[in-house]
$ cat target-v3.cif   # mmCIF, C-alpha atoms (C1' of nucleotides)
data_model
#
loop_
_atom_site.label_atom_id
_atom_site.label_comp_id
_atom_site.auth_asym_id
_atom_site.auth_seq_id
_atom_site.Cartn_x
_atom_site.Cartn_y
_atom_site.Cartn_z
CA MET A 1 28.07 14.85 30.22
CA ASN A 2 25.87 17.39 31.97
CA TYR A 3 22.48 16.85 33.56
CA HIS A 4 20.42 17.70 30.49
CA GLU A 5 22.40 15.52 28.14
CA ALA A 6 22.29 12.68 30.62
CA LYS A 7 18.56 13.11 31.12
CA ASP A 8 17.88 13.02 27.38
CA LYS A 9 20.09 10.03 26.89
CA PHE A 10 18.42 8.21 29.76
CA ILE A 11 14.94 8.86 28.36
CA GLN A 12 16.12 7.68 24.97
CA THR A 13 17.76 4.53 26.40
CA TRP A 14 14.81 3.59 28.54
CA GLY A 15 12.49 4.15 25.57
CA THR A 16 14.52 1.83 23.38
CA LEU A 17 14.73 -0.84 26.06
CA GLY A 18 11.01 -0.56 26.73
CA SER A 19 10.00 -0.88 23.12
CA SER A 20 12.07 -4.00 22.71
CA TRP A 21 10.52 -5.58 25.81
CA GLY A 22 6.92 -4.99 24.93
CA ILE A 23 5.94 -1.56 26.16
CA SER A 24 5.60 1.24 23.68
CA ARG A 25 8.49 3.61 23.16
CA THR A 26 6.66 6.74 24.24
CA MET A 27 5.13 5.03 27.25
CA ALA A 28 8.62 3.99 28.33
CA GLN A 29 9.90 7.52 27.77
CA VAL A 30 7.15 9.00 29.90
CA HIS A 31 7.97 6.45 32.56
CA ALA A 32 11.67 7.38 32.32
CA LEU A 33 10.85 11.04 32.76
CA LEU A 34 8.73 10.32 35.83
CA LEU A 35 11.40 8.01 37.23
CA ILE A 36 14.06 10.68 37.41
CA SER A 37 11.75 13.48 38.50
CA PRO A 38 11.96 14.17 42.21
CA ASP A 39 8.43 15.59 42.14
CA ALA A 40 5.15 14.50 40.55
CA LEU A 41 4.56 15.86 37.04
CA SER A 42 1.39 17.07 35.36
CA THR A 43 0.24 16.16 31.86
CA GLU A 44 1.50 19.55 30.72
CA ASP A 45 4.95 18.97 32.21
CA VAL A 46 5.18 15.72 30.30
CA MET A 47 3.95 17.34 27.07
CA GLU A 48 6.51 20.08 27.40
CA GLN A 49 9.50 18.02 28.44
CA LEU A 50 9.00 15.26 25.87
CA LYS A 51 7.58 17.57 23.20
CA ILE A 52 4.53 15.41 22.59
CA SER A 53 0.88 16.35 22.11
CA ARG A 54 -1.74 16.47 24.80
CA GLY A 55 -3.56 13.41 23.45
CA ASN A 56 -0.40 11.40 23.30
CA ALA A 57 0.71 12.39 26.80
CA ASN A 58 -2.70 11.60 28.19
CA MET A 59 -2.92 8.24 26.48
CA ASN A 60 0.51 7.11 27.60
CA LEU A 61 0.00 8.31 31.16
CA ARG A 62 -3.23 6.38 31.30
CA ASP A 63 -1.53 3.27 29.91
CA LEU A 64 1.15 3.61 32.60
CA LEU A 65 -1.61 3.68 35.23
CA ASP A 66 -3.21 0.59 33.61
CA TRP A 67 0.06 -1.28 33.71
CA GLY A 68 0.61 -0.27 37.34
CA LEU A 69 3.83 1.57 36.48
CA ALA A 70 2.69 5.01 37.62
CA TYR A 71 0.27 6.53 40.09
CA LYS A 72 -1.88 9.63 40.23
CA GLU A 73 -1.06 12.11 42.91
CA LEU A 74 -3.44 14.90 43.77
CA LYS A 75 -2.00 18.14 45.04
CA SER A 76 -4.22 20.08 47.36
CA GLY A 77 -5.11 23.46 45.97
CA ASP A 78 -4.63 22.32 42.39
CA ARG A 79 -7.12 20.72 40.11
CA LYS A 80 -4.63 19.04 37.80
CA ASP A 81 -3.68 15.41 38.07
CA PHE A 82 -0.04 14.81 38.89
CA PHE A 83 1.81 11.59 38.19
CA ILE A 84 4.65 9.72 39.83
CA ALA A 85 6.41 6.61 38.60
CA GLU A 86 6.66 3.34 40.42
CA LYS A 87 10.32 3.67 41.35
CA ASP A 88 10.97 0.17 42.61
CA ILE A 89 12.37 -1.24 39.37
CA TRP A 90 11.95 -4.81 40.46
CA LYS A 91 8.28 -4.09 40.98
CA VAL A 92 8.19 -2.47 37.54
CA ALA A 93 9.68 -5.60 35.99
CA LYS A 94 7.21 -7.81 37.85
CA GLN A 95 4.26 -5.68 36.75
CA ILE A 96 5.36 -5.89 33.13
CA ILE A 97 5.73 -9.66 33.30
CA LYS A 98 2.35 -9.95 34.99
CA GLU A 99 0.57 -7.87 32.36
CA ARG A 100 2.23 -9.54 29.45
CA ARG A 101 1.56 -13.00 30.88
CA LYS A 102 -2.10 -12.13 31.05
CA ARG A 103 -2.27 -10.47 27.66
CA GLU A 104 -0.05 -12.80 25.66
CA ILE A 105 0.73 -16.17 27.21
CA GLU A 106 -2.76 -17.08 28.32
CA PRO A 107 -4.35 -16.65 24.86
CA VAL A 108 -1.55 -18.69 23.31
CA LEU A 109 -2.04 -21.56 25.77
CA ASN A 110 -5.74 -21.59 24.96
CA ALA A 111 -5.05 -21.64 21.23
CA LEU A 112 -2.51 -24.46 21.57
CA GLU A 113 -4.90 -26.57 23.62
CA GLU A 114 -7.49 -26.21 20.88
CA LEU A 115 -5.00 -27.09 18.15
CA LYS A 116 -4.08 -30.43 19.70
CA ALA A 117 -7.61 -31.60 18.92
CA VAL A 118 -7.04 -31.42 15.16
CA LYS A 119 -9.03 -34.06 13.30
CA GLY A 120 -7.33 -36.31 10.79
CA ASP A 121 -5.43 -39.45 10.05
CA LYS A 122 -3.31 -40.15 13.10
CA ASN A 123 -0.83 -42.15 11.04
CA ASP A 124 -0.22 -39.41 8.52
CA LYS A 125 3.32 -38.08 8.74
CA LYS A 126 2.17 -34.47 8.62
CA HIS A 127 -0.49 -35.01 11.23
CA LYS A 128 1.96 -36.66 13.59
CA ALA A 129 4.57 -33.92 13.11
CA PHE A 130 1.91 -31.29 13.78
CA VAL A 131 0.59 -32.78 17.00
CA GLU A 132 4.11 -33.41 18.21
CA ALA A 133 5.20 -29.83 17.55
CA VAL A 134 2.15 -28.38 19.25
CA THR A 135 2.52 -30.65 22.26
CA ASN A 136 6.19 -29.80 22.71
CA ILE A 137 5.56 -26.11 22.42
CA GLU A 138 2.72 -26.26 24.88
CA ARG A 139 4.96 -28.00 27.40
CA VAL A 140 7.61 -25.28 27.18
CA VAL A 141 5.14 -22.41 27.16
CA GLU A 142 3.50 -23.86 30.26
CA LYS A 143 6.84 -24.06 32.01
CA ALA A 144 7.71 -20.51 31.05
CA ASP A 145 4.33 -19.43 32.28
CA PHE A 146 4.94 -21.22 35.56
CA ALA A 147 8.39 -19.64 35.90
CA PHE A 148 7.03 -16.16 35.30
CA ASP A 149 4.18 -16.78 37.71
CA LYS A 150 6.66 -17.72 40.42
CA ALA A 151 8.99 -14.87 39.50
CA ILE A 152 6.36 -12.24 40.12
CA LYS A 153 5.73 -13.65 43.58
CA LEU A 154 9.35 -13.66 44.69
CA ASP A 155 11.74 -10.85 45.36
CA GLU A 156 14.67 -10.16 43.11
CA ASN A 157 17.28 -11.70 45.37
CA ALA A 158 15.43 -14.97 45.86
CA ILE A 159 15.46 -15.71 42.15
CA VAL A 160 19.05 -14.80 41.67
CA SER A 161 20.16 -16.84 44.65
CA ALA A 162 18.06 -19.83 43.60
CA LEU A 163 19.74 -19.79 40.22
CA PHE A 164 23.10 -19.22 41.79
CA LYS A 165 22.78 -22.27 44.02
CA LEU A 166 22.43 -24.45 40.95
CA PHE A 167 25.99 -23.56 40.06
CA LYS A 168 27.77 -23.76 43.36
CA MET B 1 -10.89 -28.38 12.99
CA ASN B 2 -9.12 -30.12 10.12
CA TYR B 3 -5.42 -30.23 9.40
CA HIS B 4 -5.33 -27.19 7.15
CA GLU B 5 -7.31 -24.99 9.48
CA ALA B 6 -5.19 -26.10 12.40
CA LYS B 7 -1.99 -25.48 10.46
CA ASP B 8 -3.05 -21.94 9.51
CA LYS B 9 -4.13 -21.17 13.01
CA PHE B 10 -0.88 -22.49 14.41
CA ILE B 11 1.19 -20.37 12.02
CA GLN B 12 -0.90 -17.36 12.92
CA THR B 13 -0.62 -18.01 16.68
CA TRP B 14 3.12 -18.59 16.59
CA GLY B 15 3.55 -15.46 14.48
CA THR B 16 1.66 -13.36 17.00
CA LEU B 17 3.55 -14.81 19.96
CA GLY B 18 6.86 -14.31 18.17
CA SER B 19 6.18 -10.71 17.30
CA SER B 20 5.30 -9.89 20.87
CA TRP B 21 8.49 -11.52 22.16
CA GLY B 22 10.91 -9.79 19.87
CA ILE B 23 11.16 -11.79 16.68
CA SER B 24 9.42 -10.53 13.58
CA ARG B 25 5.99 -11.85 12.71
CA THR B 26 6.97 -13.34 9.38
CA MET B 27 10.14 -14.86 10.78
CA ALA B 28 8.05 -16.56 13.45
CA GLN B 29 5.57 -17.75 10.82
CA VAL B 30 8.33 -19.26 8.71
CA HIS B 31 9.65 -20.92 11.84
CA ALA B 32 6.18 -22.25 12.63
CA LEU B 33 5.84 -23.69 9.15
CA LEU B 34 9.21 -25.42 9.42
CA LEU B 35 8.36 -26.68 12.91
CA ILE B 36 5.36 -28.66 11.80
CA SER B 37 6.85 -29.86 8.53
CA PRO B 38 8.10 -33.44 8.74
CA ASP B 39 10.55 -32.72 5.90
CA ALA B 40 12.93 -29.90 5.07
CA LEU B 41 11.42 -27.13 2.94
CA SER B 42 12.93 -25.07 0.13
CA THR B 43 12.62 -21.30 -0.24
CA GLU B 44 9.96 -21.94 -2.88
CA ASP B 45 7.94 -24.17 -0.55
CA VAL B 46 7.96 -21.39 2.05
CA MET B 47 6.98 -18.75 -0.54
CA GLU B 48 4.13 -20.87 -1.74
CA GLN B 49 2.77 -22.01 1.60
CA LEU B 50 2.93 -18.61 3.30
CA LYS B 51 2.19 -16.65 0.12
CA ILE B 52 5.16 -14.35 0.53
CA SER B 53 7.66 -13.08 -2.01
CA ARG B 54 11.01 -14.61 -2.77
CA GLY B 55 12.91 -11.73 -1.18
CA ASN B 56 10.87 -11.91 1.97
CA ALA B 57 11.20 -15.68 2.26
CA ASN B 58 14.92 -15.48 1.69
CA MET B 59 15.44 -12.71 4.21
CA ASN B 60 13.47 -14.41 6.94
CA LEU B 61 15.09 -17.77 6.36
CA ARG B 62 18.47 -16.14 6.62
CA ASP B 63 17.44 -14.39 9.83
CA LEU B 64 16.31 -17.72 11.27
CA LEU B 65 19.74 -19.15 10.47
CA ASP B 66 21.38 -16.10 12.12
CA TRP B 67 19.32 -16.57 15.26
CA GLY B 68 20.14 -20.29 15.32
CA LEU B 69 16.48 -21.23 15.00
CA ALA B 70 16.78 -23.11 11.70
CA TYR B 71 19.40 -25.03 9.77
CA LYS B 72 20.23 -25.58 6.13
CA GLU B 73 19.91 -29.07 4.85
CA LEU B 74 21.39 -30.02 1.51
CA LYS B 75 19.73 -32.76 -0.46
CA SER B 76 22.00 -34.77 -2.71
CA GLY B 77 21.04 -34.44 -6.35
CA ASP B 78 19.41 -31.05 -5.78
CA ARG B 79 21.02 -27.66 -5.86
CA LYS B 80 18.40 -25.90 -3.80
CA ASP B 81 18.88 -25.15 -0.13
CA PHE B 82 16.41 -26.85 2.16
CA PHE B 83 15.63 -25.68 5.68
CA ILE B 84 14.60 -27.38 8.90
CA ALA B 85 13.60 -25.74 12.17
CA GLU B 86 15.27 -26.25 15.49
CA LYS B 87 12.53 -28.40 16.99
CA ASP B 88 13.69 -28.43 20.60
CA ILE B 89 11.56 -25.55 21.82
CA TRP B 90 13.56 -25.09 24.98
CA LYS B 91 16.62 -24.62 22.79
CA VAL B 92 14.63 -22.15 20.68
CA ALA B 93 13.72 -20.14 23.77
CA LYS B 94 17.33 -20.18 24.96
CA GLN B 95 18.60 -19.02 21.57
CA ILE B 96 16.15 -16.14 21.55
CA ILE B 97 17.15 -15.05 25.05
CA LYS B 98 20.81 -15.33 24.12
CA GLU B 99 20.44 -13.19 20.99
CA ARG B 100 18.32 -10.58 22.67
CA ARG B 101 20.63 -10.39 25.66
CA LYS B 102 23.49 -9.66 23.32
CA ARG B 103 21.59 -7.22 21.13
CA GLU B 104 19.62 -5.36 23.78
CA ILE B 105 20.74 -5.78 27.38
CA GLU B 106 24.45 -5.26 26.83
CA PRO B 107 24.10 -1.86 25.10
CA VAL B 108 21.71 -0.70 27.83
CA LEU B 109 24.15 -1.66 30.59
CA ASN B 110 26.89 0.28 28.83
CA ALA B 111 24.66 3.33 28.47
CA LEU B 112 23.61 3.19 32.12
CA GLU B 113 27.19 2.93 33.30
CA GLU B 114 28.03 6.05 31.31
CA LEU B 115 25.03 7.94 32.68
CA LYS B 116 26.04 7.49 36.30
CA ALA B 117 29.01 9.74 35.62
CA VAL B 118 26.78 12.78 35.01
CA LYS B 119 28.48 15.99 36.05
CA GLY B 120 26.70 18.44 38.28
CA ASP B 121 25.78 19.61 41.75
CA LYS B 122 25.58 16.49 43.89
CA ASN B 123 23.25 18.18 46.34
CA ASP B 124 20.73 19.22 43.72
CA LYS B 125 17.43 17.38 44.14
CA LYS B 126 17.19 16.57 40.46
CA HIS B 127 20.74 15.35 40.27
CA LYS B 128 20.29 13.07 43.25
CA ALA B 129 17.01 11.65 41.92
CA PHE B 130 18.68 10.99 38.57
CA VAL B 131 21.69 9.15 39.90
CA GLU B 132 19.50 7.16 42.25
CA ALA B 133 17.13 6.09 39.47
CA VAL B 134 19.97 5.09 37.16
CA THR B 135 21.75 3.15 39.91
CA ASN B 136 18.61 1.25 40.89
CA ILE B 137 17.81 0.38 37.31
CA GLU B 138 21.33 -0.78 36.65
CA ARG B 139 21.15 -3.09 39.67
CA VAL B 140 17.95 -4.75 38.41
CA VAL B 141 19.07 -4.95 34.80
CA GLU B 142 22.31 -6.62 35.93
CA LYS B 143 20.36 -9.16 37.93
CA ALA B 144 18.03 -9.87 35.03
CA ASP B 145 21.06 -10.23 32.79
CA PHE B 146 22.59 -12.65 35.27
CA ALA B 147 19.35 -14.65 35.48
CA PHE B 148 19.09 -14.92 31.70
CA ASP B 149 22.73 -15.86 31.44
CA LYS B 150 22.18 -18.72 33.88
CA ALA B 151 18.89 -19.68 32.25
CA ILE B 152 20.50 -20.30 28.89
CA LYS B 153 23.03 -22.62 30.49
CA LEU B 154 20.51 -24.76 32.33
CA ASP B 155 17.90 -27.13 31.05
CA GLU B 156 14.22 -26.39 31.34
CA ASN B 157 13.56 -28.69 34.28
CA ALA B 158 16.41 -27.34 36.40
CA ILE B 159 15.00 -23.83 36.35
CA VAL B 160 11.46 -24.89 37.06
CA SER B 161 12.52 -27.14 39.91
CA ALA B 162 14.79 -24.48 41.38
CA LEU B 163 11.88 -22.07 41.47
CA PHE B 164 9.58 -24.77 42.76
CA LYS B 165 11.86 -25.52 45.71
CA LEU B 166 11.50 -21.96 46.90
CA PHE B 167 7.83 -22.66 47.54
CA LYS B 168 7.88 -26.08 49.10
"C1'" DT C 1 34.51 -20.39 -19.45
"C1'" DC C 2 29.64 -20.41 -20.20
"C1'" DG C 3 25.09 -20.47 -19.01
"C1'" DA C 4 21.53 -22.50 -16.15
"C1'" DA C 5 19.92 -22.79 -11.49
"C1'" DC C 6 19.63 -20.82 -7.61
"C1'" DT C 7 20.31 -16.88 -3.89
"C1'" DT C 8 20.63 -12.19 -2.41
"C1'" DT C 9 19.92 -7.29 -2.58
"C1'" DC C 10 17.48 -3.06 -2.49
"C1'" DA C 11 14.58 0.81 -4.07
"C1'" DA C 12 9.77 1.27 -4.47
"C1'" DT C 13 5.55 0.32 -2.21
"C1'" DA C 14 2.31 -1.31 1.13
"C1'" DT C 15 1.08 -2.14 5.78
"C1'" DT C 16 1.08 -1.28 10.45
"C1'" DT C 17 1.58 1.52 14.32
"C1'" DA C 18 2.01 5.98 16.70
"C1'" DT C 19 0.88 10.87 17.01
"C1'" DT C 20 -1.61 15.03 16.59
"C1'" DG C 21 -4.95 18.42 17.89
"C1'" DA C 22 -9.43 20.00 17.75
"C1'" DA C 23 -13.80 18.74 19.60
"C1'" DA C 24 -16.45 16.45 23.06
"C1'" DG C 25 -16.76 15.18 27.76
"C1'" DT C 26 -16.19 15.74 32.74
"C1'" DT C 27 -15.45 17.84 37.12
"C1'" DT C 28 -15.11 21.68 40.16
"C1'" DT C 29 -16.13 25.99 42.27
"C1'" DA C 30 -18.28 30.34 42.59
"C1'" DT D 1 -26.24 25.82 37.39
"C1'" DA D 2 -22.92 28.14 34.49
"C1'" DA D 3 -18.71 28.51 32.93
"C1'" DA D 4 -13.87 27.72 33.69
"C1'" DA D 5 -10.37 24.25 34.15
"C1'" DC D 6 -9.06 20.25 33.10
"C1'" DT D 7 -9.20 15.27 30.73
"C1'" DT D 8 -10.36 12.13 27.11
"C1'" DT D 9 -11.50 10.67 22.51
"C1'" DC D 10 -10.86 9.81 17.76
"C1'" DA D 11 -10.47 10.72 12.78
"C1'" DA D 12 -6.83 12.47 10.09
"C1'" DT D 13 -2.00 12.25 9.43
"C1'" DA D 14 2.73 11.09 10.04
"C1'" DA D 15 6.35 7.91 11.02
"C1'" DA D 16 8.19 3.45 11.30
"C1'" DT D 17 8.38 -1.15 9.67
"C1'" DA D 18 7.71 -4.98 6.53
"C1'" DT D 19 7.12 -6.68 1.82
"C1'" DT D 20 7.63 -7.02 -3.02
"C1'" DG D 21 9.84 -8.33 -7.22
"C1'" DA D 22 12.97 -7.32 -10.67
"C1'" DA D 23 17.79 -7.04 -11.20
"C1'" DA D 24 22.33 -8.26 -9.71
"C1'" DG D 25 25.16 -11.73 -7.79
"C1'" DT D 26 26.82 -16.41 -7.02
"C1'" DT D 27 27.73 -21.27 -7.69
"C1'" DC D 28 28.15 -25.37 -10.15
"C1'" DG D 29 28.36 -28.74 -13.87
"C1'" DA D 30 29.54 -29.57 -18.60
#

$ encode --input "target-v3.cif" --output "structure tokens"
Amino acid sequence: MNYHEAKDKFIQTWGTLGSSWGISRTMAQVHALLLISPDALSTEDVMEQLKISRGNANMNLRDLLDWGLAYKELKSGDRKDFFIAEKDIWKVAKQIIKERRKREIEPVLNALEELKAVKGDKNDKKHKAFVEAVTNIERVVEKADFAFDKAIKLDENAIVSALFKLFK
Amino acid sequence: MNYHEAKDKFIQTWGTLGSSWGISRTMAQVHALLLISPDALSTEDVMEQLKISRGNANMNLRDLLDWGLAYKELKSGDRKDFFIAEKDIWKVAKQIIKERRKREIEPVLNALEELKAVKGDKNDKKHKAFVEAVTNIERVVEKADFAFDKAIKLDENAIVSALFKLFK
DNA sequence: TCGAACTTTCAATATTTATTGAAAGTTTTA
DNA sequence: TAAAACTTTCAATAAATATTGAAAGTTCGA
């Protein structure tokens, strides 16, 4: 496999992985392209290399900045914005968890809390099953939330070794 | 909020959470419905309560069985299949991680391994940046894979307390 | 073995989500 | 401050994904 085949396959693979873990396919592809580029790329470079439109490139680059997965780099003597990827993959993973925790877990916890207050006959079978299900789910979601919160504050080795110790 | 409002909101919330964590919206909604039902439900019950077609109900129930998130229950004197949800949410979370690890992480690791073997000039800036990026990513993906593998073998409290100890 | 009861499939269709590209907006420098 | 260089927006459109429902398939009891 030569460089260009490998590059395309990498962009494709990273895009697929990204889209299954909650970041859009194109955003992950742009990130992949930036990751393997030794130098910062402009919007036009991204458009050209991924064969996507200006609007699309711009939108996905901006989303990458929002998620903290890429940075702007200004080159002196040039008015264009250039972009580089966050290349510390552990940091990338932590950023994604952090964003998704904020965007997804928090609203769910709020909704669950509200649902426990359902009015009705406390002896009704359905009512009991409902409150029980919601309470159990809330407990697990809270623990997952806690685990993710800790995970983003630790480095990659600490987590792995903590888990490993449980098995020694 | 009365029982019916709460039930609808719960199904909606669980569907949204599910779809953002890799299981389809309707599959998560069917699971939600089963979770809060004190008794096993038939395909027709699911169709009626979620207002979805027979084909859709059937497909999603079968997917839930595939993922290990629901079970068939046969009632004597009735030829219909009835379904109950896996109600241990920690087990649900573990099943989802297990399935996704198999379906998503493993193929990515294989692809990455292949990509490291890219042919080309080892002193070229692009080539070096490429191999470095792929190697770094592989290292983190392997660790995540390891962490998930351990997570599905432990119970919920063990993981939380292991993480907690790191902060005491 | 037949036919009733139930389950599964799949091509057509609907819904959702992503992409385009031209127009509007912004910044820079001469 | 004018206009060139660049960025952003957004309505139209395309692509991907999910859903329907009728038809085909299966199972079971008589």

$ interface_residues --input "target-v3.cif" --of "chain A" --to "chain B" --cutoff "7 Å" --atoms "all atoms listed in the file" --output "ChimeraX atom specification"
/A:1-3,6,13,20,22,35-38,89-90,108,115,118-120,125-126,129-130,133,136-137,140,143,147,150,160,162-163

$ residues_near_point --input "target-v3.cif" --point "(5.8, -7.5, -5.2)" --cutoff "7 Å" --atoms "all atoms listed in the file" --output "list of chain:residue names"
B:Ser53, D:DT20, D:DG21

$ atom_distance --input "target-v3.cif" --atom1 "CA of Val92 (chain B)" --atom2 "CA of Glu44 (chain B)"
24.0 Å

$ closest_atom_pairs --input "target-v3.cif" --of "chain B" --to "chain D" --cutoff "9 Å" --atoms "all atoms listed in the file" --output "CSV"
residue,atom,partner,partner_atom,distance
B:Thr26,CA,D:DA18,C1',8.9
B:Ile52,CA,D:DT19,C1',8.0
B:Ser53,CA,D:DT20,C1',6.1
B:Arg54,CA,D:DG21,C1',7.8
B:Gly55,CA,D:DT20,C1',7.3
B:Asn56,CA,D:DT19,C1',6.4
B:Arg79,CA,D:DC28,C1',8.6

$ interface_residues --input "target-v3.cif" --of "chain C" --to "chain A" --cutoff "8 Å" --atoms "only C-alpha atoms (C1' of nucleotides)" --output "PyMOL selection string"
chain C and resi 19-21

$ atom_distance --input "target-v3.cif" --atom1 "CA of Met47 (chain B)" --atom2 "C1' of DG3 (chain C)"
25.9 Å

$ atom_distance --input "target-v3.cif" --atom1 "CA of Asp145 (chain B)" --atom2 "CA of Ile96 (chain B)"
13.6 Å

$ resolve_selection --input "target-v3.cif" --expression "the PyMOL selection byres ((chain B and resi 72) around 8)" --output "PyMOL selection string"
chain B and resi 65+70-71+73-74+81-84

$ resolve_selection --input "target-v3.cif" --expression "the PyMOL selection byres ((chain C and resi 7) around 8)" --output "mmCIF file with C-alpha atoms (C1' of nucleotides), in the frame of the given file"
data_model
loop_
_atom_site.group_PDB
_atom_site.id
_atom_site.type_symbol
_atom_site.label_atom_id
_atom_site.label_comp_id
_atom_site.auth_asym_id
_atom_site.auth_seq_id
_atom_site.Cartn_x
_atom_site.Cartn_y
_atom_site.Cartn_z
ATOM 1 C CA ASN B 58 14.920 -15.480 1.690
ATOM 2 C "C1'" DC C 6 19.630 -20.820 -7.610
ATOM 3 C "C1'" DT C 8 20.630 -12.190 -2.410
ATOM 4 C "C1'" DT D 26 26.820 -16.410 -7.020
#

$ residues_near_point --input "target-v3.cif" --point "(12.9, 17.7, 28.7)" --cutoff "8 Å" --atoms "only C-alpha atoms (C1' of nucleotides)" --output "PyMOL selection string"
chain A and resi 4+7-8+48-51

$ decode --input "target-v3.cif" --residues "region 3-9 of chain B" --atoms "all heavy atoms" --output "short mmCIF file (atom, residue, chain, number, x, y, z; two decimals), in the first residue's frame"
data_model
loop_
_atom_site.label_atom_id
_atom_site.label_comp_id
_atom_site.auth_asym_id
_atom_site.auth_seq_id
_atom_site.Cartn_x
_atom_site.Cartn_y
_atom_site.Cartn_z
N TYR B 3 -49.15 9.38 34.72
CA TYR B 3 -48.45 8.19 34.24
C TYR B 3 -48.22 8.18 32.73
O TYR B 3 -47.12 7.91 32.26
CB TYR B 3 -49.21 6.92 34.66
CG TYR B 3 -48.59 5.65 34.13
CD1 TYR B 3 -47.39 5.18 34.68
CD2 TYR B 3 -49.15 4.96 33.07
CE1 TYR B 3 -46.79 4.05 34.19
CE2 TYR B 3 -48.55 3.81 32.56
CZ TYR B 3 -47.37 3.36 33.13
OH TYR B 3 -46.77 2.23 32.63
N HIS B 4 -49.26 8.54 31.98
CA HIS B 4 -49.11 8.46 30.52
C HIS B 4 -48.14 9.48 29.95
O HIS B 4 -47.36 9.16 29.06
CB HIS B 4 -50.48 8.52 29.83
CG HIS B 4 -51.20 7.22 29.92
ND1 HIS B 4 -50.79 6.11 29.22
CD2 HIS B 4 -52.23 6.82 30.69
CE1 HIS B 4 -51.56 5.09 29.54
NE2 HIS B 4 -52.45 5.49 30.43
N GLU B 5 -48.18 10.66 30.51
CA GLU B 5 -47.20 11.68 30.08
C GLU B 5 -45.78 11.22 30.42
O GLU B 5 -44.87 11.32 29.60
CB GLU B 5 -47.46 13.01 30.80
CG GLU B 5 -48.72 13.73 30.34
CD GLU B 5 -49.11 14.86 31.29
OE1 GLU B 5 -48.67 14.85 32.46
OE2 GLU B 5 -49.85 15.76 30.86
N ALA B 6 -45.65 10.71 31.64
CA ALA B 6 -44.32 10.29 32.10
C ALA B 6 -43.81 9.14 31.23
O ALA B 6 -42.63 9.13 30.83
CB ALA B 6 -44.38 9.87 33.56
N LYS B 7 -44.69 8.21 30.93
CA LYS B 7 -44.32 7.06 30.10
C LYS B 7 -43.84 7.53 28.72
O LYS B 7 -42.78 7.10 28.25
CB LYS B 7 -45.54 6.16 29.96
CG LYS B 7 -45.35 4.97 29.07
CD LYS B 7 -46.63 4.15 29.07
CE LYS B 7 -46.70 3.29 27.82
NZ LYS B 7 -47.98 2.56 27.74
N ASP B 8 -44.61 8.42 28.10
CA ASP B 8 -44.21 8.93 26.78
C ASP B 8 -42.88 9.66 26.84
O ASP B 8 -42.03 9.48 25.98
CB ASP B 8 -45.28 9.88 26.23
CG ASP B 8 -46.51 9.11 25.77
OD1 ASP B 8 -46.45 7.86 25.72
OD2 ASP B 8 -47.53 9.75 25.48
N LYS B 9 -42.73 10.45 27.86
CA LYS B 9 -41.49 11.21 27.98
C LYS B 9 -40.30 10.28 28.21
O LYS B 9 -39.22 10.50 27.67
CB LYS B 9 -41.60 12.24 29.12
CG LYS B 9 -40.40 13.14 29.17
CD LYS B 9 -40.61 14.39 29.97
CE LYS B 9 -39.32 15.22 29.91
NZ LYS B 9 -39.34 16.35 30.86
#
